[in-house]
Each structure stands twice: as structure tokens, then as C-alpha cells.
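Asks: Structure file input.txt (compact mmCIF, C-alpha atoms and all ligand atoms) is given on the next line.
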# COMPACT_ATOMS: atom_id res chain seq x y z
CA MET A 1 56.65 227.82 22.56
CA ILE A 2 53.64 225.47 22.38
CA PHE A 3 51.80 225.06 19.13
CA ARG A 4 48.57 227.07 19.54
CA PRO A 5 45.91 224.40 18.86
CA LEU A 6 47.74 222.05 21.20
CA ARG A 7 47.91 224.76 23.86
CA ARG A 8 44.18 225.39 23.46
CA ALA A 9 43.50 221.67 23.83
CA MET A 10 45.67 221.48 26.94
CA LEU A 11 43.90 224.47 28.46
CA ALA A 12 40.57 222.91 27.69
CA CYS A 13 41.69 219.70 29.38
CA GLY A 14 42.93 221.68 32.35
CA ALA A 15 39.63 223.48 32.64
CA LEU A 16 37.81 220.20 32.38
CA ALA A 17 40.00 218.69 35.03
CA VAL A 18 39.23 221.61 37.34
CA PHE A 19 35.52 221.19 36.81
CA ALA A 20 35.61 217.42 36.91
CA SER A 21 37.64 216.99 40.06
CA PRO A 22 35.08 218.22 42.59
CA LEU A 23 32.47 215.97 41.02
CA ALA A 24 34.81 213.01 40.99
CA SER A 25 35.91 213.48 44.60
CA HIS A 26 32.31 214.16 45.61
CA ALA A 27 31.25 210.80 44.19
CA ALA A 28 34.08 209.06 46.01
CA ASP A 29 33.61 210.87 49.33
CA PRO A 30 31.75 208.91 51.95
CA VAL A 31 28.54 210.27 53.44
CA LYS A 32 29.50 210.78 57.06
CA ILE A 33 26.84 210.16 59.69
CA GLY A 34 27.60 211.25 63.25
CA LEU A 35 25.77 208.91 65.62
CA ILE A 36 25.26 210.56 69.01
CA ALA A 37 23.90 208.39 71.82
CA PRO A 38 24.84 206.98 75.21
CA PHE A 39 27.10 203.94 74.80
CA SER A 40 28.16 203.79 78.45
CA GLY A 41 26.49 204.40 81.80
CA SER A 42 22.99 203.33 82.76
CA PHE A 43 21.59 204.19 79.30
CA ALA A 44 24.35 202.37 77.38
CA ASP A 45 21.83 200.02 75.79
CA TYR A 46 20.36 202.91 73.82
CA GLY A 47 23.54 203.39 71.79
CA LYS A 48 24.12 199.66 71.47
CA GLN A 49 20.59 199.03 70.21
CA MET A 50 20.98 201.80 67.64
CA GLU A 51 24.33 200.48 66.50
CA GLY A 52 22.79 197.00 66.24
CA GLY A 53 19.90 198.34 64.15
CA ILE A 54 22.34 200.10 61.79
CA LYS A 55 24.37 196.89 61.40
CA ALA A 56 21.19 194.95 60.63
CA TRP A 57 20.25 197.53 57.98
CA GLN A 58 23.68 197.40 56.37
CA LYS A 59 23.67 193.60 56.46
CA LEU A 60 20.56 193.66 54.28
CA HIS A 61 21.25 196.77 52.17
CA GLY A 62 25.02 197.23 52.09
CA ASP A 63 27.07 200.29 52.99
CA THR A 64 26.92 202.20 49.71
CA VAL A 65 24.04 204.22 48.34
CA ALA A 66 23.76 206.55 45.35
CA GLY A 67 27.43 205.78 44.65
CA ARG A 68 28.57 206.98 48.06
CA LYS A 69 29.87 204.89 50.92
CA ILE A 70 28.17 205.40 54.27
CA GLN A 71 30.54 206.05 57.15
CA ILE A 72 29.20 206.01 60.70
CA ILE A 73 31.11 207.95 63.38
CA MET A 74 29.87 206.91 66.81
CA LYS A 75 30.04 209.26 69.79
CA ASP A 76 29.23 208.35 73.39
CA THR A 77 27.37 210.99 75.42
CA THR A 78 27.60 208.81 78.58
CA GLY A 79 24.08 210.25 78.92
CA PRO A 80 21.92 211.85 79.84
CA VAL A 81 24.44 214.71 79.57
CA PRO A 82 23.16 217.46 77.24
CA ASP A 83 26.43 219.45 77.38
CA VAL A 84 28.46 216.49 76.22
CA ALA A 85 25.97 215.77 73.41
CA LYS A 86 26.30 219.39 72.30
CA ARG A 87 30.10 219.36 72.34
CA LEU A 88 30.19 216.08 70.42
CA ALA A 89 27.80 217.48 67.80
CA GLN A 90 29.98 220.59 67.41
CA GLU A 91 33.09 218.46 66.94
CA LEU A 92 31.34 216.22 64.45
CA VAL A 93 30.19 219.16 62.37
CA VAL A 94 33.33 221.31 62.54
CA ARG A 95 36.16 218.79 62.72
CA ASP A 96 34.79 215.57 61.22
CA LYS A 97 32.64 217.44 58.69
CA VAL A 98 29.73 215.05 59.02
CA ASP A 99 26.85 215.35 56.59
CA ILE A 100 24.13 214.05 58.87
CA LEU A 101 23.56 213.92 62.63
CA ALA A 102 21.66 210.90 63.92
CA GLY A 103 20.85 208.87 67.02
CA PHE A 104 19.63 210.72 70.15
CA GLY A 105 18.28 208.37 72.76
CA LEU A 106 17.29 211.00 75.30
CA THR A 107 15.26 214.17 74.87
CA PRO A 108 17.61 216.52 76.79
CA GLU A 109 20.48 215.52 74.49
CA ALA A 110 18.41 215.99 71.32
CA LEU A 111 17.29 219.42 72.53
CA ALA A 112 20.91 220.43 73.23
CA VAL A 113 21.97 219.50 69.69
CA ALA A 114 18.99 220.99 67.81
CA PRO A 115 20.48 224.53 67.57
CA ILE A 116 23.64 223.09 66.00
CA ALA A 117 21.64 221.27 63.31
CA GLU A 118 19.70 224.50 62.71
CA GLN A 119 22.80 226.68 62.44
CA ALA A 120 24.86 224.26 60.33
CA LYS A 121 21.79 223.25 58.26
CA LYS A 122 22.61 219.59 58.86
CA PRO A 123 19.89 216.94 58.68
CA MET A 124 19.30 215.54 62.17
CA VAL A 125 17.50 212.21 62.24
CA ILE A 126 16.07 211.21 65.61
CA PHE A 127 16.23 207.48 66.34
CA ASN A 128 14.47 207.65 69.69
CA ALA A 129 14.17 210.88 71.74
CA ALA A 130 10.42 211.22 72.01
CA SER A 131 9.16 214.41 73.60
CA SER A 132 6.88 216.14 71.17
CA VAL A 133 8.66 219.50 71.07
CA ILE A 134 11.96 218.27 69.58
CA THR A 135 10.97 218.52 65.91
CA THR A 136 9.88 222.15 66.40
CA LYS A 137 13.41 223.15 67.38
CA SER A 138 14.87 222.98 63.87
CA ASN A 139 13.52 222.56 60.35
CA TYR A 140 16.39 220.11 59.77
CA ILE A 141 15.08 217.57 62.29
CA ALA A 142 13.06 214.51 61.26
CA ARG A 143 11.97 211.73 63.61
CA VAL A 144 11.46 208.06 62.77
CA SER A 145 10.78 206.75 66.29
CA MET A 146 7.66 207.93 68.12
CA THR A 147 6.39 210.65 70.41
CA LEU A 148 5.05 210.13 73.91
CA PRO A 149 1.70 211.86 73.16
CA GLN A 150 1.32 209.61 70.09
CA ILE A 151 1.75 206.49 72.23
CA SER A 152 0.00 207.62 75.45
CA ALA A 153 -3.26 208.95 74.00
CA PRO A 154 -4.27 205.53 72.56
CA MET A 155 -3.51 203.90 75.93
CA ALA A 156 -6.02 206.24 77.60
CA THR A 157 -8.64 205.61 74.94
CA TRP A 158 -8.18 201.85 75.29
CA ALA A 159 -8.41 202.09 79.10
CA VAL A 160 -11.69 204.02 78.98
CA ARG A 161 -13.14 201.58 76.45
CA ASN A 162 -12.19 198.72 78.72
CA ASN A 163 -13.88 200.07 81.82
CA ILE A 164 -10.82 201.29 83.66
CA ARG A 165 -12.10 204.39 85.45
CA LYS A 166 -9.72 205.23 88.29
CA VAL A 167 -6.00 205.65 87.58
CA VAL A 168 -2.81 206.88 89.22
CA THR A 169 -0.20 208.16 86.74
CA LEU A 170 3.51 207.79 87.36
CA VAL A 171 6.04 209.29 84.94
CA ALA A 172 9.71 210.21 84.81
CA ASP A 173 9.99 213.90 85.65
CA TYR A 174 11.29 215.33 82.38
CA ALA A 175 9.83 216.38 79.02
CA PRO A 176 8.79 212.94 77.68
CA GLY A 177 7.23 212.04 81.04
CA ILE A 178 5.27 215.29 81.19
CA ASP A 179 4.15 214.69 77.58
CA ALA A 180 2.97 211.18 78.48
CA GLU A 181 1.15 212.37 81.58
CA THR A 182 -0.57 215.24 79.73
CA ALA A 183 -1.69 213.15 76.75
CA PHE A 184 -2.92 210.32 78.94
CA LYS A 185 -4.79 212.70 81.26
CA THR A 186 -6.44 214.67 78.46
CA ASN A 187 -7.77 211.56 76.79
CA PHE A 188 -8.64 209.67 79.97
CA LEU A 189 -10.51 212.56 81.58
CA GLY A 190 -12.15 213.33 78.22
CA GLY A 191 -13.44 209.74 78.16
CA GLY A 192 -14.91 210.02 81.65
CA GLY A 193 -12.03 208.55 83.65
CA GLN A 194 -10.68 209.84 86.94
CA ILE A 195 -7.02 210.47 87.83
CA VAL A 196 -6.64 210.09 91.59
CA GLU A 197 -2.97 210.97 91.80
CA SER A 198 -0.17 212.06 89.46
CA ILE A 199 3.32 211.10 90.53
CA ARG A 200 6.56 212.29 88.90
CA VAL A 201 9.82 210.51 89.71
CA PRO A 202 13.39 211.74 89.08
CA LEU A 203 14.95 210.74 85.76
CA ARG A 204 18.11 209.54 87.43
CA ASN A 205 18.13 206.68 89.92
CA PRO A 206 14.59 206.89 91.22
CA GLU A 207 13.93 205.03 94.48
CA PHE A 208 10.56 203.49 93.69
CA ALA A 209 9.52 202.06 97.07
CA PRO A 210 7.80 205.18 98.47
CA PHE A 211 6.04 205.86 95.17
CA ILE A 212 4.80 202.29 94.92
CA GLN A 213 3.39 202.56 98.43
CA ARG A 214 1.57 205.78 97.43
CA ILE A 215 0.04 203.99 94.46
CA LYS A 216 -1.12 201.15 96.71
CA ASP A 217 -2.65 203.58 99.22
CA ALA A 218 -4.55 205.44 96.49
CA ARG A 219 -6.32 202.15 95.53
CA PRO A 220 -6.69 202.82 91.80
CA GLU A 221 -7.88 200.25 89.27
CA ALA A 222 -4.67 200.79 87.33
CA VAL A 223 -1.43 202.71 87.30
CA PHE A 224 -0.45 204.39 84.03
CA LEU A 225 3.30 204.50 83.63
CA PHE A 226 5.98 206.09 81.48
CA LEU A 227 9.57 205.33 82.39
CA PRO A 228 12.47 205.51 79.93
CA ALA A 229 13.36 202.05 78.63
CA GLY A 230 15.80 199.97 80.64
CA GLU A 231 16.65 199.38 84.27
CA GLN A 232 13.93 201.56 85.75
CA GLY A 233 11.12 199.42 84.41
CA VAL A 234 12.78 196.37 85.92
CA ALA A 235 13.10 198.14 89.29
CA PHE A 236 9.49 199.34 89.20
CA MET A 237 8.08 195.91 88.39
CA LYS A 238 10.18 194.34 91.14
CA GLY A 239 8.75 196.78 93.72
CA PHE A 240 5.25 196.33 92.33
CA ARG A 241 5.54 192.59 92.82
CA GLU A 242 7.17 192.77 96.26
CA ARG A 243 4.57 195.15 97.67
CA GLY A 244 1.68 193.03 96.41
CA LEU A 245 0.01 195.59 94.14
CA SER A 246 -1.42 193.04 91.75
CA GLU A 247 -2.87 191.10 94.69
CA ALA A 248 -4.48 194.43 95.66
CA GLY A 249 -6.17 194.38 92.23
CA ILE A 250 -4.07 197.17 90.67
CA ARG A 251 -3.28 196.70 86.99
CA VAL A 252 -0.36 198.16 85.06
CA ILE A 253 -1.03 200.05 81.84
CA ALA A 254 2.03 201.70 80.36
CA THR A 255 3.83 202.90 77.30
CA GLY A 256 5.82 200.01 75.83
CA ASP A 257 9.10 201.47 77.09
CA LEU A 258 8.28 199.56 80.31
CA THR A 259 8.33 196.13 78.69
CA ASP A 260 10.99 197.00 76.12
CA ASP A 261 11.79 193.85 74.15
CA HIS A 262 15.45 193.91 75.09
CA VAL A 263 14.81 193.72 78.85
CA LEU A 264 11.47 191.87 78.86
CA PRO A 265 12.94 188.33 78.77
CA ALA A 266 14.70 189.11 82.08
CA MET A 267 11.76 190.88 83.75
CA GLY A 268 10.08 187.70 84.92
CA ASP A 269 6.51 186.52 85.23
CA ALA A 270 5.43 189.59 87.23
CA THR A 271 5.01 191.27 83.84
CA LEU A 272 2.49 188.68 82.58
CA GLY A 273 -0.73 190.50 81.70
CA VAL A 274 0.83 193.99 81.67
CA ILE A 275 -0.91 196.07 78.99
CA THR A 276 1.13 198.54 76.98
CA SER A 277 0.69 200.77 73.94
CA PHE A 278 3.60 201.02 71.51
CA HIS A 279 4.75 201.16 67.92
CA TYR A 280 6.99 198.08 67.89
CA SER A 281 6.96 194.57 69.31
CA ALA A 282 9.49 191.86 68.45
CA ALA A 283 6.41 189.61 68.21
CA HIS A 284 4.93 191.72 65.37
CA ASP A 285 3.87 189.31 62.67
CA SER A 286 5.16 190.47 59.30
CA LYS A 287 7.73 189.44 56.75
CA GLU A 288 9.62 192.72 57.27
CA ASN A 289 9.92 192.00 60.99
CA LYS A 290 11.10 188.44 60.39
CA ALA A 291 13.78 189.72 58.01
CA PHE A 292 14.78 192.39 60.55
CA LEU A 293 15.04 189.94 63.46
CA LYS A 294 17.13 187.55 61.37
CA ALA A 295 19.47 190.31 60.13
CA PHE A 296 19.81 191.74 63.66
CA ALA A 297 20.72 188.34 65.10
CA GLU A 298 23.26 187.67 62.35
CA ALA A 299 24.83 191.12 62.50
CA ASN A 300 24.93 191.25 66.32
CA PRO A 301 25.79 187.81 67.69
CA GLY A 302 24.95 187.46 71.39
CA ALA A 303 23.21 190.87 71.58
CA GLY A 304 19.84 189.42 72.57
CA ARG A 305 16.52 190.70 71.35
CA PRO A 306 16.38 194.03 69.51
CA ASN A 307 14.04 196.68 70.83
CA PHE A 308 12.26 199.74 69.41
CA MET A 309 15.48 201.77 69.32
CA ALA A 310 17.14 199.17 67.09
CA VAL A 311 14.08 199.29 64.83
CA ALA A 312 14.12 203.10 64.71
CA ALA A 313 17.83 203.07 63.80
CA PHE A 314 17.11 200.46 61.12
CA ASP A 315 14.29 202.63 59.74
CA GLY A 316 16.35 205.78 60.18
CA MET A 317 19.00 204.25 57.94
CA GLY A 318 16.23 203.25 55.55
CA ALA A 319 15.04 206.87 55.46
CA ILE A 320 18.60 208.17 54.95
CA TYR A 321 19.29 205.70 52.11
CA GLU A 322 15.99 206.54 50.43
CA ALA A 323 16.63 210.28 50.73
CA LEU A 324 20.15 209.86 49.27
CA LYS A 325 18.69 207.95 46.34
CA LYS A 326 16.24 210.78 45.72
CA THR A 327 18.91 213.51 45.92
CA ASN A 328 21.49 211.49 43.95
CA GLY A 329 23.81 211.45 46.93
CA VAL A 330 23.50 215.15 47.78
CA THR A 331 23.31 215.81 51.53
CA ASP A 332 22.46 219.53 51.44
CA GLY A 333 20.14 220.11 54.41
CA ASP A 334 17.25 221.65 52.50
CA LYS A 335 17.28 219.11 49.67
CA PHE A 336 17.70 216.23 52.11
CA LEU A 337 14.77 217.33 54.28
CA ALA A 338 12.62 217.85 51.20
CA ALA A 339 13.38 214.23 50.29
CA LEU A 340 12.42 213.02 53.78
CA LYS A 341 9.12 214.90 53.94
CA GLY A 342 6.18 212.65 53.13
CA MET A 343 8.43 209.60 52.79
CA LYS A 344 6.75 206.23 53.28
CA LEU A 345 8.70 203.22 54.55
CA GLN A 346 7.87 199.58 55.18
CA SER A 347 9.19 199.19 58.72
CA PRO A 348 9.42 196.00 60.79
CA ARG A 349 6.63 197.65 62.85
CA GLY A 350 4.34 198.18 59.79
CA GLY A 351 4.05 201.06 57.33
CA ILE A 352 5.28 204.46 58.54
CA THR A 353 5.19 207.95 57.01
CA ILE A 354 7.30 211.01 57.78
CA ASP A 355 4.68 213.75 58.13
CA SER A 356 5.48 216.38 55.50
CA ALA A 357 4.18 219.15 57.78
CA THR A 358 5.83 218.24 61.09
CA ARG A 359 8.68 215.85 60.08
CA ASP A 360 7.38 213.49 62.77
CA VAL A 361 6.46 209.88 62.22
CA ILE A 362 2.87 208.78 61.53
CA GLN A 363 2.25 205.15 62.45
CA THR A 364 0.04 202.44 63.91
CA VAL A 365 0.02 202.28 67.70
CA TYR A 366 -0.62 198.76 68.97
CA ILE A 367 -2.12 197.65 72.27
CA ARG A 368 -0.22 194.65 73.57
CA LYS A 369 -0.29 192.22 76.48
CA VAL A 370 2.71 190.43 77.96
CA GLU A 371 2.27 186.71 77.29
CA LYS A 372 4.48 183.68 76.94
CA ILE A 373 5.27 182.30 73.51
CA ASN A 374 7.21 179.02 73.66
CA GLY A 375 8.18 179.81 77.24
CA GLU A 376 9.49 183.34 76.49
CA LEU A 377 7.89 186.64 77.43
CA TYR A 378 6.65 188.80 74.54
CA ASN A 379 4.46 191.85 73.97
CA VAL A 380 1.60 190.30 72.01
CA GLU A 381 -0.36 192.80 69.92
CA PHE A 382 -4.15 192.44 70.17
CA ASP A 383 -5.63 195.83 69.24
CA LYS A 384 -4.47 198.83 67.24
CA PHE A 385 -4.99 202.50 66.38
CA GLU A 386 -3.97 203.26 62.80
CA GLY A 387 -2.43 206.38 61.29
CA VAL A 388 -1.67 208.02 64.65
CA LYS A 389 0.10 211.39 64.55
CA ASP A 390 1.85 213.21 67.36
CA SER A 391 -0.85 215.05 69.28
CA GLY A 392 1.48 217.00 71.53
CA LYS A 393 2.08 220.12 69.46
C1 LIG B 401 13.51 210.34 75.75
O1 LIG B 401 14.34 210.82 76.55
O2 LIG B 401 12.97 211.05 74.87
C2 LIG B 401 13.13 208.91 75.89
C3 LIG B 401 14.01 208.02 76.46
C4 LIG B 401 13.64 206.69 76.60
C5 LIG B 401 12.41 206.25 76.16
C6 LIG B 401 11.53 207.15 75.57
C7 LIG B 401 11.89 208.47 75.43
O3 LIG B 401 12.07 204.96 76.34
If you convert what's in this file into C-alpha cells, what do you get?
Ligand code: PHB
Replies:
Amino acid sequence: MIFRPLRRAMLACGALAVFASPLASHAADPVKIGLIAPFSGSFADYGKQMEGGIKAWQKLHGDTVAGRKIQIIMKDTTGPVPDVAKRLAQELVVRDKVDILAGFGLTPEALAVAPIAEQAKKPMVIFNAASSVITTKSNYIARVSMTLPQISAPMATWAVRNNIRKVVTLVADYAPGIDAETAFKTNFLGGGGQIVESIRVPLRNPEFAPFIQRIKDARPEAVFLFLPAGEQGVAFMKGFRERGLSEAGIRVIATGDLTDDHVLPAMGDATLGVITSFHYSAAHDSKENKAFLKAFAEANPGAGRPNFMAVAAFDGMGAIYEALKKTNGVTDGDKFLAALKGMKLQSPRGGITIDSATRDVIQTVYIRKVEKINGELYNVEFDKFEGVKDSGK
């Protein structure tokens, strides 16, 4: 028989231990982030840029926040394959018990995963996918990248102001392309411009030659373009050069996906003078961008220049760390989203805010021109529109 006061003390300790253990293990548990993006196939760069941006963030800010280690679980969609993205998200939530879903290079994949975030009440942080509608699909989605209407409307306004009156639009035929076309058209027509032809090309493996000929035949002053970052821009510019469109006096105005910093150095001098609107340029002159470029190079030897997806992943991690600090390491969907809403961050692109009403990013959109700096091609910013919100919803 145990002496009663001792027994009471032991019981008290036992009770304490029961209460203390979940707290103790909670503090020691890592925060698991499931990163869903293409890491192979023709969009493989999207995943690699995001991974590079995360590494750059952790190089500068470590891998622990609010007492919890950050664990990244990377999943390759081989994209764009919405069904695979959905299955991977399900596995991450059910089997790996992730706290946060992140990444999403392509709109169809983000849209496929949105219902899972909604059902599981998991924060879903978008590092790229940019059609306007995505953030309306779940209250647990926040976006740190951009939207196509946000980027395309300023391009139209700039074009009108700079006496471009007659344009052909060419976009990839899926949600972000339709968003870009609509926003450009609305603002360009509203400013007195004329759209002589609107061309939509398949998302996968477009054969540009016939479309480029159509542009040439329509004799516009400029072609407005949205193509997802990567190989397609290279293919388009090659055809543009080979068929002599600039000699025919046709200018290129585009969203900055076309002259994405990662591929620009290899695109060649045909891109000189191309005007784009975008939220990030590697040539952006700020101390935050210098620190980012240095950290990216150190954390990703041989990876080349980071692009806007690396920056969005860097900022996405910044947003996640900041939210975890505010919630003291709690990842509950509602508390986490409350912490993200209205958040302001100093990004390598300039200051950004997560709109408390829409959970979309508010930012400066820059107008840039491809120029050479020390013999290398860059998107040089020369005009800007400040505090731009998504105008697509
Ligand atoms: C998208 O699918 O939302 C997307 C992909 C690539 C871009 C922009 C948007 O460059």
C-alpha cells in the first residue's frame, strides 16, 4: 500500500505528464510542408525554381521557426497533370499528415487540389499558379505570386499611353491565358486601342509557325503575348525572328513570363527591346534582391539565374515563417489564414501585401525592357504601377 500523500503526488505527476506530453511533442514536431509542383517533364523548372527559392530562404533564415523545425516534402506532378496533383495532395494530407500545402506551378493543378485544402482545412500557399479564380476555390488558399489580370492590365494601359493602337493577342488556351487576354482587351479597348485578332494556342507543345504567320498577315503594331514561362517563349521568339516580324515593324509586348529570368540569358538578342509587365526582375535594384540573388547562388550552385517562381517560393516561405511566429507555431487552418491576411512582406521584388479580403497578393507591377547589362540580357525596369490588385474577380 502506498502512503496516501505520496500516492496523491504521484497521481498529480501522472496527470501533469499526460497534459504535458502533447505540448512537449507538439513543440518538437516538425511543421510539415507538402510542396506540389512539376519536377520533371517540360515544366520541371517550375519545381526546381521553387525548391531553389526555399533553399535560399532557409540559407538566410534557418529551418526552425517558433520552436518548430520546418520539413519540406517534395512531390512531382510531372505536370500539367491535375489528377496526379490531386492524388499527391491526398497522400500528403492523409498519410504524411502535412500541415501546409504549397507550390503549384500550374493553374489546373492548383484547381484540382483546392477542394482538398478546403475539406481538410489545410493552408494552401500558391507559389505561382496565376489564374484569378484560384483563391476563390477555398478560404484556406493564399497567393504570394501574381495573377494574370494583375499583370496584363498595366501592360494594356502602358501600350495605350505609348501610342500602340493596333494589337494581335496570342495566349495559351487555358485559364491564365484567357485571364490575360480578357484583362488586356478590357483595358486596351477601354483606352481606345483596337484588337485585330485574338489567337489562343494549345497549352501543350504548341506549333507556333502558323500562328506567327497569322500575326504577320494581320499587320498589327504589336503582339500581346501570354505564354507560361519556359520553353514556349523560346520557341515563339525563335519563330518571330525567323519569319522577320520585327523587320515588318511588329513589336512584342508581353507578360514577363515570356522573358523569364531563368531562360532569358539563353534567348538571344532577338529579345532585345521586348517590353514586358511583371512583378519581378533579377535586375530589380534593392538590397533585398541583392541578398536574395546571393543566397540563391550560394544555396543552388550551378542553377543559373532565379526567376519569379523562385522569388515567390522565397516569399511564400517568408509568409509561412511570419504566420508561424504570429500563431506561436500553431498550423490550424483558420488561425494560420488569419495570420496571413493583411500580412506585409519586404520581397526581393519590393513590398507586397496579402490582401485581407481576397488572400491574393497586392504589389507593384513594373514595365521592363530587355537590355544588355555587362553583356548579359536582363529585364530592365523603367516604369511602374504601384499597389496593383487582382482585377479578375
Ligand atoms: C499557371 O498555370 O497559372 C501559370 C503557369 C506559368 C506561368 C504563369 C501562370 O508563367
Asks: Just want the residues within 6 Å of ligand LIG 401 (chain B), written as a PDB file with C-alpha atoms, in the frame of the given file, counting all atoms listed in the file.
Replies:
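out-v1.pdb was written with the following content:
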ATOM      1  CA  GLY A 105      18.280 208.370  72.760  1.00  0.00           C
ATOM      2  CA  LEU A 106      17.290 211.000  75.300  1.00  0.00           C
ATOM      3  CA  THR A 107      15.260 214.170  74.870  1.00  0.00           C
ATOM      4  CA  ALA A 129      14.170 210.880  71.740  1.00  0.00           C
ATOM      5  CA  ALA A 130      10.420 211.220  72.010  1.00  0.00           C
ATOM      6  CA  SER A 131       9.160 214.410  73.600  1.00  0.00           C
ATOM      7  CA  PRO A 176       8.790 212.940  77.680  1.00  0.00           C
ATOM      8  CA  PRO A 228      12.470 205.510  79.930  1.00  0.00           C
ATOM      9  CA  ALA A 229      13.360 202.050  78.630  1.00  0.00           C
ATOM     10  CA  ASP A 257       9.100 201.470  77.090  1.00  0.00           C
TER      11      ASP A 257
END
Asks: Neighbours of Lys185 in chain A within 9 Å (all atoms listed in the file; same-chain residues fewer than 5 positions away dropped), as number ranges by chain?
Replies: A: 153, 156, 169, 180, 190, 193-195
Asks: As an MDAnalysis selection string, please: the residues near range 58-63 of chain A (cut-off 12 Å, all atoms listed in the file, same-chain neighbours under 2 positions excluded).
Replies: chainID A and resid 30:33 51:56 65:72 288 291:300 313:318 320:322
Asks: Mind giving me the straight-line distance from CA of Phe385 in chain A to CA of Val365 in chain A in Å, one decimal?
Replies: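 Taking CA of Phe385 in chain A and CA of Val365 in chain A, their separation equals 5.2 Å.
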Asks: Could you work out an axis-aligned box for range 64-82 of chain A, taking every atom the file lists and adding 3 Å on each side, and report centre and edge lengths in Å to one decimal, as AutoDock Vina command-line options?
Replies:
--center_x 26.5 --center_y 209.8 --center_z 62.2 --size_x 15.2 --size_y 21.3 --size_z 41.2
Asks: Distance CA of Ala319 in chain A-CA of Met343 in chain A, one decimal place?
Replies: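 Rounded to one decimal, the two atoms are 7.6 Å apart.
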Asks: Which residue is closest to Gln150 in chain A? Choose from A:Gln232, A:Asn205, A:Thr77, A:Thr255 and count only C-alpha atoms.
Replies: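 Between A:Gln232, A:Asn205, A:Thr77, A:Thr255, the residue approaching Gln150 in chain A most closely is A:Thr255.
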Asks: Fewer than 2 positions away in the same chain doesn't count, so skip those; otherwise give me all residues within 12 Å of Lys287 in chain A, counting all atoms listed in the file, as a PyMOL selection string.
Replies: chain A and resi 283-285+289-294+346-350
Asks: Pick from A:Phe336, A:Phe236, A:Phe188, A:Tyr174: nearest to Phe211 in chain A, with all atoms listed in the file counted?
Replies: A:Phe236
Asks: Name the closest residue to Asn162 in chain A among the candidates A:Ala338, A:Leu258, A:Met50, A:Ile275; distances are taken between atoms, counting all atoms listed in the file.
Replies: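 The shortest atom-to-atom distance to Asn162 in chain A comes from A:Ile275.
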Asks: What is the distance between CA of Gly230 in chain A and CA of Val168 in chain A, in Å to one decimal?
Replies: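 Here the two named atoms are 21.6 Å from each other.
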Asks: Write out as a ChimeraX atom specification each polymer residue whose atoms come within 10 Å of Met124 in chain A, counting only C-alpha atoms; drop sequence neighbours fewer than 5 positions from it.
Replies: /A:33-35,99-104,110,113-114,116-118,135,138-143,333,337
Asks: Show me, as an NGL selection string, the residues that have an atom within 12 Å of His262 in chain A when counting all atoms listed in the file, minus same-chain residues fewer than 5 positions from it.
Replies: :A and (45-46 or 48-49 or 52 or 229-231 or 233-234 or 256-257 or 267 or 280-282 or 303-311 or 377-379)
Asks: For the residues selected in the previous step, produce a file with C-alpha atoms as a PDB file, in the coordinates of the input.
Replies:
ATOM      1  CA  ASP A  45      21.830 200.020  75.790  1.00  0.00           C
ATOM      2  CA  TYR A  46      20.360 202.910  73.820  1.00  0.00           C
ATOM      3  CA  LYS A  48      24.120 199.660  71.470  1.00  0.00           C
ATOM      4  CA  GLN A  49      20.590 199.030  70.210  1.00  0.00           C
ATOM      5  CA  GLY A  52      22.790 197.000  66.240  1.00  0.00           C
ATOM      6  CA  ALA A 229      13.360 202.050  78.630  1.00  0.00           C
ATOM      7  CA  GLY A 230      15.800 199.970  80.640  1.00  0.00           C
ATOM      8  CA  GLU A 231      16.650 199.380  84.270  1.00  0.00           C
ATOM      9  CA  GLY A 233      11.120 199.420  84.410  1.00  0.00           C
ATOM     10  CA  VAL A 234      12.780 196.370  85.920  1.00  0.00           C
ATOM     11  CA  GLY A 256       5.820 200.010  75.830  1.00  0.00           C
ATOM     12  CA  ASP A 257       9.100 201.470  77.090  1.00  0.00           C
ATOM     13  CA  MET A 267      11.760 190.880  83.750  1.00  0.00           C
ATOM     14  CA  TYR A 280       6.990 198.080  67.890  1.00  0.00           C
ATOM     15  CA  SER A 281       6.960 194.570  69.310  1.00  0.00           C
ATOM     16  CA  ALA A 282       9.490 191.860  68.450  1.00  0.00           C
ATOM     17  CA  ALA A 303      23.210 190.870  71.580  1.00  0.00           C
ATOM     18  CA  GLY A 304      19.840 189.420  72.570  1.00  0.00           C
ATOM     19  CA  ARG A 305      16.520 190.700  71.350  1.00  0.00           C
ATOM     20  CA  PRO A 306      16.380 194.030  69.510  1.00  0.00           C
ATOM     21  CA  ASN A 307      14.040 196.680  70.830  1.00  0.00           C
ATOM     22  CA  PHE A 308      12.260 199.740  69.410  1.00  0.00           C
ATOM     23  CA  MET A 309      15.480 201.770  69.320  1.00  0.00           C
ATOM     24  CA  ALA A 310      17.140 199.170  67.090  1.00  0.00           C
ATOM     25  CA  VAL A 311      14.080 199.290  64.830  1.00  0.00           C
ATOM     26  CA  LEU A 377       7.890 186.640  77.430  1.00  0.00           C
ATOM     27  CA  TYR A 378       6.650 188.800  74.540  1.00  0.00           C
ATOM     28  CA  ASN A 379       4.460 191.850  73.970  1.00  0.00           C
TER      29      ASN A 379
END
Asks: Check the smallest atom-to-atom distance from each of A:Ile126, A:Val196, A:Val160, A:Val223 to Ser246 in chain A using only C-alpha atoms, then report the winner.
Replies: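 Answer, going by the shortest atom-to-atom distance: A:Val223.
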